[in-house]
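Structure data (mmCIF, C-alpha atoms) from run_38.cif:
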data_structure
loop_
_atom_site.group_PDB
_atom_site.id
_atom_site.type_symbol
_atom_site.label_atom_id
_atom_site.label_comp_id
_atom_site.auth_asym_id
_atom_site.auth_seq_id
_atom_site.Cartn_x
_atom_site.Cartn_y
_atom_site.Cartn_z
ATOM 1 C CA MET Y 1 3.236 -0.239 -22.198
ATOM 2 C CA LEU Y 2 0.318 -0.702 -19.841
ATOM 3 C CA LEU Y 3 0.354 2.733 -18.162
ATOM 4 C CA THR Y 4 1.415 5.032 -20.985
ATOM 5 C CA ASP Y 5 0.397 8.666 -20.417
ATOM 6 C CA LYS Y 6 -1.084 7.945 -16.995
ATOM 7 C CA THR Y 7 -0.217 10.011 -13.925
ATOM 8 C CA ALA Y 8 0.350 8.067 -10.715
ATOM 9 C CA ILE Y 9 0.825 9.183 -7.124
ATOM 10 C CA VAL Y 10 2.629 6.676 -4.907
ATOM 11 C CA TYR Y 11 2.319 7.506 -1.197
ATOM 12 C CA GLY Y 12 5.045 5.850 0.854
ATOM 13 C CA ALA Y 13 7.233 5.652 -2.254
ATOM 14 C CA GLY Y 14 10.434 5.650 -0.226
ATOM 15 C CA GLY Y 15 9.738 2.217 1.250
ATOM 16 C CA SER Y 16 10.689 -1.146 -0.227
ATOM 17 C CA ILE Y 17 7.278 -1.948 -1.711
ATOM 18 C CA GLY Y 18 6.551 1.693 -2.566
ATOM 19 C CA GLY Y 19 9.806 2.023 -4.447
ATOM 20 C CA ALA Y 20 9.242 -1.217 -6.344
ATOM 21 C CA VAL Y 21 5.728 -0.192 -7.341
ATOM 22 C CA ALA Y 22 6.863 3.295 -8.387
ATOM 23 C CA ARG Y 23 9.630 1.859 -10.577
ATOM 24 C CA ALA Y 24 7.231 -0.631 -12.144
ATOM 25 C CA PHE Y 25 4.695 2.113 -12.884
ATOM 26 C CA ALA Y 26 7.408 4.192 -14.548
ATOM 27 C CA GLU Y 27 8.674 1.237 -16.583
ATOM 28 C CA GLN Y 28 5.143 0.852 -17.923
ATOM 29 C CA GLY Y 29 4.972 4.470 -19.054
ATOM 30 C CA ALA Y 30 3.401 6.301 -16.119
ATOM 31 C CA ARG Y 31 4.415 9.761 -14.935
ATOM 32 C CA VAL Y 32 5.176 9.087 -11.289
ATOM 33 C CA HIS Y 33 4.857 11.369 -8.281
ATOM 34 C CA LEU Y 34 6.821 10.013 -5.314
ATOM 35 C CA VAL Y 35 5.302 11.079 -2.007
ATOM 36 C CA GLY Y 36 6.463 10.409 1.527
ATOM 37 C CA ARG Y 37 7.803 11.912 4.722
ATOM 38 C CA THR Y 38 11.547 11.506 4.115
ATOM 39 C CA ARG Y 39 13.164 13.276 1.178
ATOM 40 C CA GLN Y 40 16.317 11.150 1.234
ATOM 41 C CA THR Y 41 14.523 7.855 0.632
ATOM 42 C CA LEU Y 42 12.247 9.416 -1.987
ATOM 43 C CA GLU Y 43 15.192 10.833 -3.910
ATOM 44 C CA ALA Y 44 16.911 7.443 -3.855
ATOM 45 C CA VAL Y 45 13.919 6.014 -5.706
ATOM 46 C CA ALA Y 46 13.685 9.054 -7.985
ATOM 47 C CA ALA Y 47 17.253 8.423 -9.137
ATOM 48 C CA ASP Y 48 15.948 5.303 -10.922
ATOM 49 C CA ILE Y 49 12.959 7.009 -12.571
ATOM 50 C CA LYS Y 50 13.146 9.532 -15.379
ATOM 51 C CA ASP Y 51 11.314 12.781 -14.646
ATOM 52 C CA ALA Y 52 9.928 11.550 -11.317
ATOM 53 C CA GLU Y 53 8.443 14.258 -9.110
ATOM 54 C CA VAL Y 54 9.282 14.178 -5.402
ATOM 55 C CA ALA Y 55 7.067 15.690 -2.706
ATOM 56 C CA VAL Y 56 7.527 15.528 1.054
ATOM 57 C CA VAL Y 57 3.969 15.113 2.302
ATOM 58 C CA ASP Y 58 2.632 13.372 5.396
ATOM 59 C CA ALA Y 59 -0.318 11.226 4.283
ATOM 60 C CA LEU Y 60 -1.931 11.931 7.674
ATOM 61 C CA ASP Y 61 -1.961 15.686 7.024
ATOM 62 C CA GLU Y 62 -5.333 16.513 5.469
ATOM 63 C CA ALA Y 63 -4.394 19.956 4.156
ATOM 64 C CA ALA Y 64 -1.036 18.793 2.763
ATOM 65 C CA VAL Y 65 -2.561 15.809 0.932
ATOM 66 C CA GLU Y 66 -5.248 17.970 -0.624
ATOM 67 C CA ALA Y 67 -2.805 20.708 -1.624
ATOM 68 C CA HIS Y 68 -0.466 18.221 -3.292
ATOM 69 C CA ALA Y 69 -3.308 16.572 -5.210
ATOM 70 C CA GLU Y 70 -4.411 20.003 -6.407
ATOM 71 C CA GLN Y 71 -0.876 20.692 -7.575
ATOM 72 C CA VAL Y 72 -0.656 17.403 -9.488
ATOM 73 C CA GLY Y 73 -4.000 18.041 -11.172
ATOM 74 C CA ASP Y 74 -5.168 15.117 -13.296
ATOM 75 C CA ILE Y 75 -4.599 11.888 -11.356
ATOM 76 C CA ASP Y 76 -5.090 8.501 -13.016
ATOM 77 C CA ILE Y 77 -3.679 6.239 -10.298
ATOM 78 C CA SER Y 78 -3.337 6.691 -6.544
ATOM 79 C CA ILE Y 79 -1.810 4.041 -4.285
ATOM 80 C CA ASN Y 80 -1.224 4.356 -0.551
ATOM 81 C CA LEU Y 81 1.734 2.430 0.869
ATOM 82 C CA ALA Y 82 2.450 4.697 3.829
ATOM 83 C CA THR Y 83 3.520 2.978 7.049
ATOM 84 C CA ARG Y 84 0.934 2.757 9.834
ATOM 85 C CA GLY Y 85 3.025 2.156 12.961
ATOM 86 C CA ASP Y 86 1.921 -1.465 13.537
ATOM 87 C CA VAL Y 87 3.153 -3.178 16.711
ATOM 88 C CA GLN Y 88 3.165 -6.975 16.742
ATOM 89 C CA GLY Y 89 4.519 -9.902 18.725
ATOM 90 C CA ALA Y 90 2.567 -9.374 21.953
ATOM 91 C CA PRO Y 91 -0.819 -10.738 23.064
ATOM 92 C CA LEU Y 92 -3.683 -8.266 22.850
ATOM 93 C CA VAL Y 93 -4.170 -8.428 26.624
ATOM 94 C CA ASP Y 94 -0.606 -7.208 27.126
ATOM 95 C CA MET Y 95 -0.746 -4.389 24.573
ATOM 96 C CA SER Y 96 -1.321 -0.721 25.292
ATOM 97 C CA ALA Y 97 -4.338 0.977 23.764
ATOM 98 C CA GLU Y 98 -2.043 3.358 21.905
ATOM 99 C CA ASP Y 99 -0.062 0.566 20.234
ATOM 100 C CA PHE Y 100 -3.231 -1.339 19.353
ATOM 101 C CA LEU Y 101 -5.082 1.627 17.877
ATOM 102 C CA ARG Y 102 -2.192 3.331 16.039
ATOM 103 C CA PRO Y 103 -2.317 1.226 12.835
ATOM 104 C CA VAL Y 104 -6.107 1.442 12.798
ATOM 105 C CA THR Y 105 -6.297 5.220 13.079
ATOM 106 C CA ASN Y 106 -3.206 5.944 10.972
ATOM 107 C CA GLY Y 107 -4.003 3.381 8.291
ATOM 108 C CA LEU Y 108 -7.628 4.380 7.901
ATOM 109 C CA ARG Y 109 -6.902 8.108 8.016
ATOM 110 C CA ALA Y 110 -4.099 7.978 5.437
ATOM 111 C CA ASN Y 111 -6.050 5.774 3.057
ATOM 112 C CA PHE Y 112 -9.170 7.893 3.425
ATOM 113 C CA LEU Y 113 -7.403 11.215 2.901
ATOM 114 C CA THR Y 114 -5.395 10.083 -0.128
ATOM 115 C CA ALA Y 115 -8.325 8.239 -1.696
ATOM 116 C CA ARG Y 116 -10.647 11.188 -1.144
ATOM 117 C CA ALA Y 117 -8.206 13.632 -2.737
ATOM 118 C CA ALA Y 118 -7.754 11.403 -5.774
ATOM 119 C CA GLY Y 119 -11.359 10.224 -5.946
ATOM 120 C CA ARG Y 120 -12.790 13.743 -6.162
ATOM 121 C CA ARG Y 121 -10.613 14.558 -9.147
ATOM 122 C CA MET Y 122 -11.021 11.183 -10.817
ATOM 123 C CA ALA Y 123 -14.802 11.307 -10.542
ATOM 124 C CA ALA Y 124 -14.864 14.757 -12.150
ATOM 125 C CA ARG Y 125 -12.901 13.361 -15.108
ATOM 126 C CA GLY Y 126 -14.796 10.069 -15.297
ATOM 127 C CA SER Y 127 -11.881 7.669 -14.802
ATOM 128 C CA GLY Y 128 -9.156 6.570 -12.410
ATOM 129 C CA VAL Y 129 -7.955 3.807 -10.110
ATOM 130 C CA ILE Y 130 -7.462 3.953 -6.338
ATOM 131 C CA LEU Y 131 -5.260 1.180 -4.946
ATOM 132 C CA ALA Y 132 -4.687 0.148 -1.336
ATOM 133 C CA LEU Y 133 -2.549 -2.536 0.268
ATOM 134 C CA ASN Y 134 -2.658 -4.465 3.505
ATOM 135 C CA SER Y 135 -1.673 -7.875 4.859
ATOM 136 C CA GLY Y 136 -5.075 -9.552 4.652
ATOM 137 C CA SER Y 137 -5.078 -10.159 8.407
ATOM 138 C CA ALA Y 138 -8.678 -9.072 8.930
ATOM 139 C CA HIS Y 139 -9.811 -12.704 9.054
ATOM 140 C CA GLY Y 140 -7.887 -13.297 12.268
ATOM 141 C CA SER Y 141 -4.167 -13.514 12.985
ATOM 142 C CA PRO Y 142 -2.798 -14.004 16.516
ATOM 143 C CA MET Y 143 -0.057 -11.805 17.975
ATOM 144 C CA MET Y 144 -0.626 -9.184 15.278
ATOM 145 C CA GLY Y 145 -1.918 -6.405 17.530
ATOM 146 C CA GLY Y 146 -3.991 -3.838 15.673
ATOM 147 C CA THR Y 147 -2.936 -5.093 12.242
ATOM 148 C CA GLY Y 148 -6.061 -7.207 11.729
ATOM 149 C CA PRO Y 149 -8.559 -4.485 12.693
ATOM 150 C CA ALA Y 150 -6.621 -1.972 10.570
ATOM 151 C CA ASP Y 151 -6.720 -4.307 7.578
ATOM 152 C CA GLY Y 152 -10.434 -4.910 8.084
ATOM 153 C CA ALA Y 153 -11.160 -1.178 8.144
ATOM 154 C CA ILE Y 154 -9.194 -0.611 4.940
ATOM 155 C CA ASP Y 155 -10.888 -3.583 3.262
ATOM 156 C CA THR Y 156 -14.266 -1.997 3.964
ATOM 157 C CA LEU Y 157 -13.128 1.467 2.879
ATOM 158 C CA VAL Y 158 -12.005 0.135 -0.509
ATOM 159 C CA ARG Y 159 -15.308 -1.655 -1.099
ATOM 160 C CA ASN Y 160 -17.327 1.410 -0.139
ATOM 161 C CA LEU Y 161 -15.219 3.639 -2.378
ATOM 162 C CA ALA Y 162 -15.830 1.251 -5.251
ATOM 163 C CA ILE Y 163 -19.593 1.342 -4.723
ATOM 164 C CA GLU Y 164 -19.747 5.134 -4.499
ATOM 165 C CA LEU Y 165 -17.247 6.005 -7.238
ATOM 166 C CA GLY Y 166 -18.008 3.214 -9.688
ATOM 167 C CA PRO Y 167 -20.848 5.062 -11.442
ATOM 168 C CA SER Y 168 -18.359 7.872 -12.150
ATOM 169 C CA GLY Y 169 -15.929 5.494 -13.850
ATOM 170 C CA VAL Y 170 -13.516 5.183 -10.931
ATOM 171 C CA ARG Y 171 -12.276 1.829 -9.649
ATOM 172 C CA ALA Y 172 -11.062 1.002 -6.130
ATOM 173 C CA VAL Y 173 -9.045 -2.177 -5.653
ATOM 174 C CA GLY Y 174 -6.873 -3.623 -2.915
ATOM 175 C CA LEU Y 175 -3.925 -5.984 -2.696
ATOM 176 C CA TRP Y 176 -3.367 -8.403 0.140
ATOM 177 C CA VAL Y 177 0.404 -8.584 0.566
ATOM 178 C CA ALA Y 178 1.953 -10.283 3.584
ATOM 179 C CA GLY Y 179 5.543 -11.233 4.082
ATOM 180 C CA VAL Y 180 7.752 -10.253 1.150
ATOM 181 C CA PRO Y 181 11.196 -11.564 2.226
ATOM 182 C CA GLU Y 182 13.112 -8.919 0.253
ATOM 183 C CA THR Y 183 11.666 -6.305 2.604
ATOM 184 C CA PHE Y 184 12.699 -8.181 5.764
ATOM 185 C CA THR Y 185 15.606 -6.916 7.839
ATOM 186 C CA VAL Y 186 16.176 -7.195 11.563
ATOM 187 C CA GLU Y 187 15.988 -3.405 11.829
ATOM 188 C CA LYS Y 188 12.658 -3.112 9.993
ATOM 189 C CA LEU Y 189 10.989 -5.995 11.783
ATOM 190 C CA ALA Y 190 12.306 -4.904 15.179
ATOM 191 C CA ALA Y 191 10.406 -1.646 14.731
ATOM 192 C CA VAL Y 192 7.246 -3.764 14.720
ATOM 193 C CA ASN Y 193 8.342 -6.594 17.031
ATOM 194 C CA PRO Y 194 11.310 -5.783 19.344
ATOM 195 C CA ALA Y 195 12.042 -9.490 19.986
ATOM 196 C CA ILE Y 196 13.250 -10.076 16.397
ATOM 197 C CA ASP Y 197 16.773 -11.295 15.570
ATOM 198 C CA GLU Y 198 18.413 -12.888 12.489
ATOM 199 C CA SER Y 199 17.253 -16.419 13.289
ATOM 200 C CA ALA Y 200 13.742 -15.163 13.965
ATOM 201 C CA VAL Y 201 13.656 -13.424 10.581
ATOM 202 C CA GLN Y 202 14.519 -16.675 8.793
ATOM 203 C CA GLY Y 203 11.946 -18.494 10.888
ATOM 204 C CA ILE Y 204 9.274 -16.001 9.831
ATOM 205 C CA VAL Y 205 10.214 -16.393 6.160
ATOM 206 C CA ASP Y 206 10.025 -20.189 6.360
ATOM 207 C CA HIS Y 207 6.779 -20.117 8.339
ATOM 208 C CA LEU Y 208 5.091 -17.770 5.883
ATOM 209 C CA ALA Y 209 6.116 -19.925 2.921
ATOM 210 C CA GLY Y 210 4.643 -22.974 4.625
ATOM 211 C CA MET Y 211 1.306 -21.190 5.117
ATOM 212 C CA ARG Y 212 0.916 -20.326 1.446
ATOM 213 C CA MET Y 213 -1.007 -22.437 -1.034
ATOM 214 C CA THR Y 214 1.937 -22.173 -3.425
ATOM 215 C CA ARG Y 215 4.446 -22.938 -0.622
ATOM 216 C CA ARG Y 216 6.599 -19.993 -1.677
ATOM 217 C CA ASN Y 217 6.768 -16.327 -0.741
ATOM 218 C CA PRO Y 218 6.028 -13.579 -3.272
ATOM 219 C CA THR Y 219 8.766 -11.369 -4.657
ATOM 220 C CA LEU Y 220 8.771 -7.587 -4.819
ATOM 221 C CA ALA Y 221 8.668 -7.822 -8.612
ATOM 222 C CA GLU Y 222 5.515 -9.953 -8.464
ATOM 223 C CA VAL Y 223 3.779 -7.568 -6.079
ATOM 224 C CA ALA Y 224 4.700 -4.586 -8.268
ATOM 225 C CA ALA Y 225 3.543 -6.372 -11.423
ATOM 226 C CA THR Y 226 0.182 -7.099 -9.779
ATOM 227 C CA ALA Y 227 -0.195 -3.424 -8.896
ATOM 228 C CA VAL Y 228 0.617 -2.455 -12.494
ATOM 229 C CA PHE Y 229 -2.014 -4.801 -13.867
ATOM 230 C CA LEU Y 230 -4.703 -3.598 -11.447
ATOM 231 C CA ALA Y 231 -3.899 0.027 -12.302
ATOM 232 C CA SER Y 232 -4.080 -0.635 -16.037
ATOM 233 C CA ASP Y 233 -7.043 -0.612 -18.396
ATOM 234 C CA HIS Y 234 -6.622 -4.388 -18.746
ATOM 235 C CA ALA Y 235 -8.157 -4.711 -15.278
ATOM 236 C CA GLY Y 236 -11.124 -2.536 -16.228
ATOM 237 C CA GLY Y 237 -13.696 -4.938 -14.774
ATOM 238 C CA ILE Y 238 -12.001 -5.371 -11.402
ATOM 239 C CA THR Y 239 -13.205 -3.151 -8.564
ATOM 240 C CA GLY Y 240 -14.507 -3.398 -5.006
ATOM 241 C CA THR Y 241 -12.349 -6.399 -4.164
ATOM 242 C CA PHE Y 242 -8.913 -7.456 -2.987
ATOM 243 C CA VAL Y 243 -6.425 -9.452 -5.024
ATOM 244 C CA ASN Y 244 -4.354 -11.920 -3.043
ATOM 245 C CA ALA Y 245 -0.732 -11.204 -3.955
ATOM 246 C CA THR Y 246 0.674 -13.260 -1.091
ATOM 247 C CA GLY Y 247 0.833 -16.618 -2.822
ATOM 248 C CA GLY Y 248 -2.508 -17.580 -1.298
ATOM 249 C CA MET Y 249 -2.189 -17.427 2.480
ATOM 250 C CA VAL Y 250 -4.179 -20.244 4.014
ATOM 251 C CA GLY Y 251 -7.293 -18.774 5.595
ATOM 252 C CA VAL Y 252 -7.223 -15.592 3.516
#
Could you write out this structure as structure tokens?
Amino acid sequence: MLLTDKTAIVYGAGGSIGGAVARAFAEQGARVHLVGRTRQTLEAVAADIKDAEVAVVDALDEAAVEAHAEQVGDIDISINLATRGDVQGAPLVDMSAEDFLRPVTNGLRANFLTARAAGRRMAARGSGVILALNSGSAHGSPMMGGTGPADGAIDTLVRNLAIELGPSGVRAVGLWVAGVPETFTVEKLAAVNPAIDESAVQGIVDHLAGMRMTRRNPTLAEVAATAVFLASDHAGGITGTFVNATGGMVGV
């Protein structure tokens, strides 16, 4: 198994992608710590993972993130999948400053705090992998609000972490993941874009598939498998970059 005897922290483990990644890590032999803000969703994922540890921690809370990392001790893998509060579907000129800036400030803060907590401990041990995920919208995507700027900030953070931590044996890698249909529900998408209904969801799925080089959308299993590979020793030469797990979005 690719992750045997490794300890992984999955922030946002109660979400669709977080849960899939956590299960995949466990299937490959990792000891998994499930972290998030809602115990119920975390415990639902934990039910599928032997000996999973559950911790209710807000990734935006500096003291709580640091205290949890100290409790875990040796960390081999850290991945942040915490939600950022993105708002989409409106032109930038019609968006409030709060809605525009929320994913930027939340996304950058959560990724920085969790990466810093893990990176300090990994560097002291001489090994480890920090993973991040965003939609790859930094290159320009209309009607996406603050998603593009947030993605761009996280892209840069990952590259800078890789440069600084690389000499200590620590890798930092990102995944560009946009539009996994298994995660789409009217309820979830309406939290980001209030104008969404069932027909709009199907339209988004079809549109995304048409934008991809492969002309098909990625599955949760494929995204999780990519995260497993990047976290494993088989990806030992990969750092300071982003892997496109979207099926090759045109323009990304």
**Report entry** Pick from Y:Ala124, Y:His68, Y:Gly140, Y:Ile130 nearest to Val158 of chain Y, counting only C-alpha atoms
**Finding:**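 Selected residue with least distance to Val158 of chain Y: Y:Ile130.
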Requested in this report: Determine, counting only C-alpha atoms, which protein, DNA and RNA residues have an atom within 12 Å of an atom of segment 99-104 of chain Y; residues of the same chain fewer than 6 positions away are not included. Present the result as JSON, numbers by chain.
Outcome: {"Y": [60, 82, 83, 84, 85, 86, 87, 88, 89, 90, 91, 92, 93, 110, 111, 112, 134, 138, 143, 144, 145, 146, 147, 148, 149, 150, 151, 152, 153, 154, 155, 192, 193]}
Query raised in the report: For Ala20 of chain Y, which of Y:Trp176, Y:Ala115, Y:Val54, Y:Ala46 is the closest residue, counting all atoms listed in the file?
Result: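 Of Y:Trp176, Y:Ala115, Y:Val54, Y:Ala46, the one nearest Ala20 of chain Y, counting all atoms listed in the file, is Y:Ala46.
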Query raised in the report: Which residue out of Y:Asn244, Y:Asn80, Y:Thr156, Y:Ser137 has the minimum interatomic distance to Asp58 of chain Y when all atoms listed in the file are used?
Result: Y:Asn80
Which polymer residues have any atom within 7 Å of an atom of Leu133 of chain Y, counting only C-alpha atoms, with same-chain residues fewer than 6 positions away left out, as a PDB file with C-alpha atoms, keeping the file's coordinate frame?
ATOM      1  CA  LEU Y  81       1.734   2.430   0.869  1.00  0.00           C
ATOM      2  CA  GLY Y 174      -6.873  -3.623  -2.915  1.00  0.00           C
ATOM      3  CA  LEU Y 175      -3.925  -5.984  -2.696  1.00  0.00           C
ATOM      4  CA  TRP Y 176      -3.367  -8.403   0.140  1.00  0.00           C
ATOM      5  CA  VAL Y 177       0.404  -8.584   0.566  1.00  0.00           C
TER       6      VAL Y 177
END
Report task. In Å, rounded to a single decimal, give me how far atom CA of Thr41 of chain Y is from atom CA of Gly14 of chain Y. Result ->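 Those two atoms sit 4.7 Å apart.
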Query raised in the report: By how many Å are atom CA of Gly18 of chain Y and atom CA of Pro167 of chain Y apart?
Result: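 We find that atom CA of Gly18 of chain Y and atom CA of Pro167 of chain Y lie 29.0 Å from each other.
For the pair atom CA of Gln71 of chain Y and atom CA of Leu3 of chain Y, the separation is 20.9 Å.
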Using the chain letters and numbers from this file, what does the PyMOL selection byres ((chain Y and resi 223) around 9) select? Give the answer as a tab-separated table (two decimals) with C-alpha atoms, in the coordinates of the input.
chain	number	residue	atom	x	y	z
Y	17	ILE	CA	7.28	-1.95	-1.71
Y	20	ALA	CA	9.24	-1.22	-6.34
Y	21	VAL	CA	5.73	-0.19	-7.34
Y	175	LEU	CA	-3.92	-5.98	-2.70
Y	177	VAL	CA	0.40	-8.58	0.57
Y	180	VAL	CA	7.75	-10.25	1.15
Y	218	PRO	CA	6.03	-13.58	-3.27
Y	219	THR	CA	8.77	-11.37	-4.66
Y	220	LEU	CA	8.77	-7.59	-4.82
Y	221	ALA	CA	8.67	-7.82	-8.61
Y	222	GLU	CA	5.52	-9.95	-8.46
Y	224	ALA	CA	4.70	-4.59	-8.27
Y	225	ALA	CA	3.54	-6.37	-11.42
Y	226	THR	CA	0.18	-7.10	-9.78
Y	227	ALA	CA	-0.20	-3.42	-8.90
Y	228	VAL	CA	0.62	-2.46	-12.49
Y	245	ALA	CA	-0.73	-11.20	-3.96
Y	246	THR	CA	0.67	-13.26	-1.09
**Report entry** Counting all atoms listed in the file, the residue of Y:Ala178, Y:Ala67, Y:Val10, Y:Leu230 that sits nearest Gly136 of chain Y
**Finding:** Y:Ala178
Tell me, as a CSV table (one decimal) with C-alpha atoms, in the coordinates of the input, which residues lie within 9 Å of Gly126 of chain Y, counting only C-alpha atoms; anything in the same chain fewer than 2 positions away does not count.
chain,number,residue,atom,x,y,z
Y,121,ARG,CA,-10.6,14.6,-9.1
Y,122,MET,CA,-11.0,11.2,-10.8
Y,123,ALA,CA,-14.8,11.3,-10.5
Y,124,ALA,CA,-14.9,14.8,-12.2
Y,128,GLY,CA,-9.2,6.6,-12.4
Y,167,PRO,CA,-20.8,5.1,-11.4
Y,168,SER,CA,-18.4,7.9,-12.2
Y,169,GLY,CA,-15.9,5.5,-13.8
Y,170,VAL,CA,-13.5,5.2,-10.9
Requested in this report: Go through Y:Ser78, Y:Thr214, Y:Ser135, Y:Ser127 and flag the residue nearest Gly236 of chain Y, using only C-alpha atoms for the distances.
Outcome: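 Under the stated criterion, the closest residue is Y:Ser127.
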Report task. Please write as number ranges by chain the full residue list that the PyMOL selection byres ((chain Y and resi 69) around 12) yields on this file. Result -> Y: 7-11, 33, 35, 55, 57, 59, 62-68, 70-78, 113-122
Report, as lines of an AutoDock Vina configuration file, the axis-aligned box around all atoms of segment 172-179 of chain Y present in the file, extended by 8 Å on each side; give centre and edge lengths in Å to one decimal place.
center_x = -2.8
center_y = -5.1
center_z = -1.0
size_x = 32.6
size_y = 28.2
size_z = 26.2
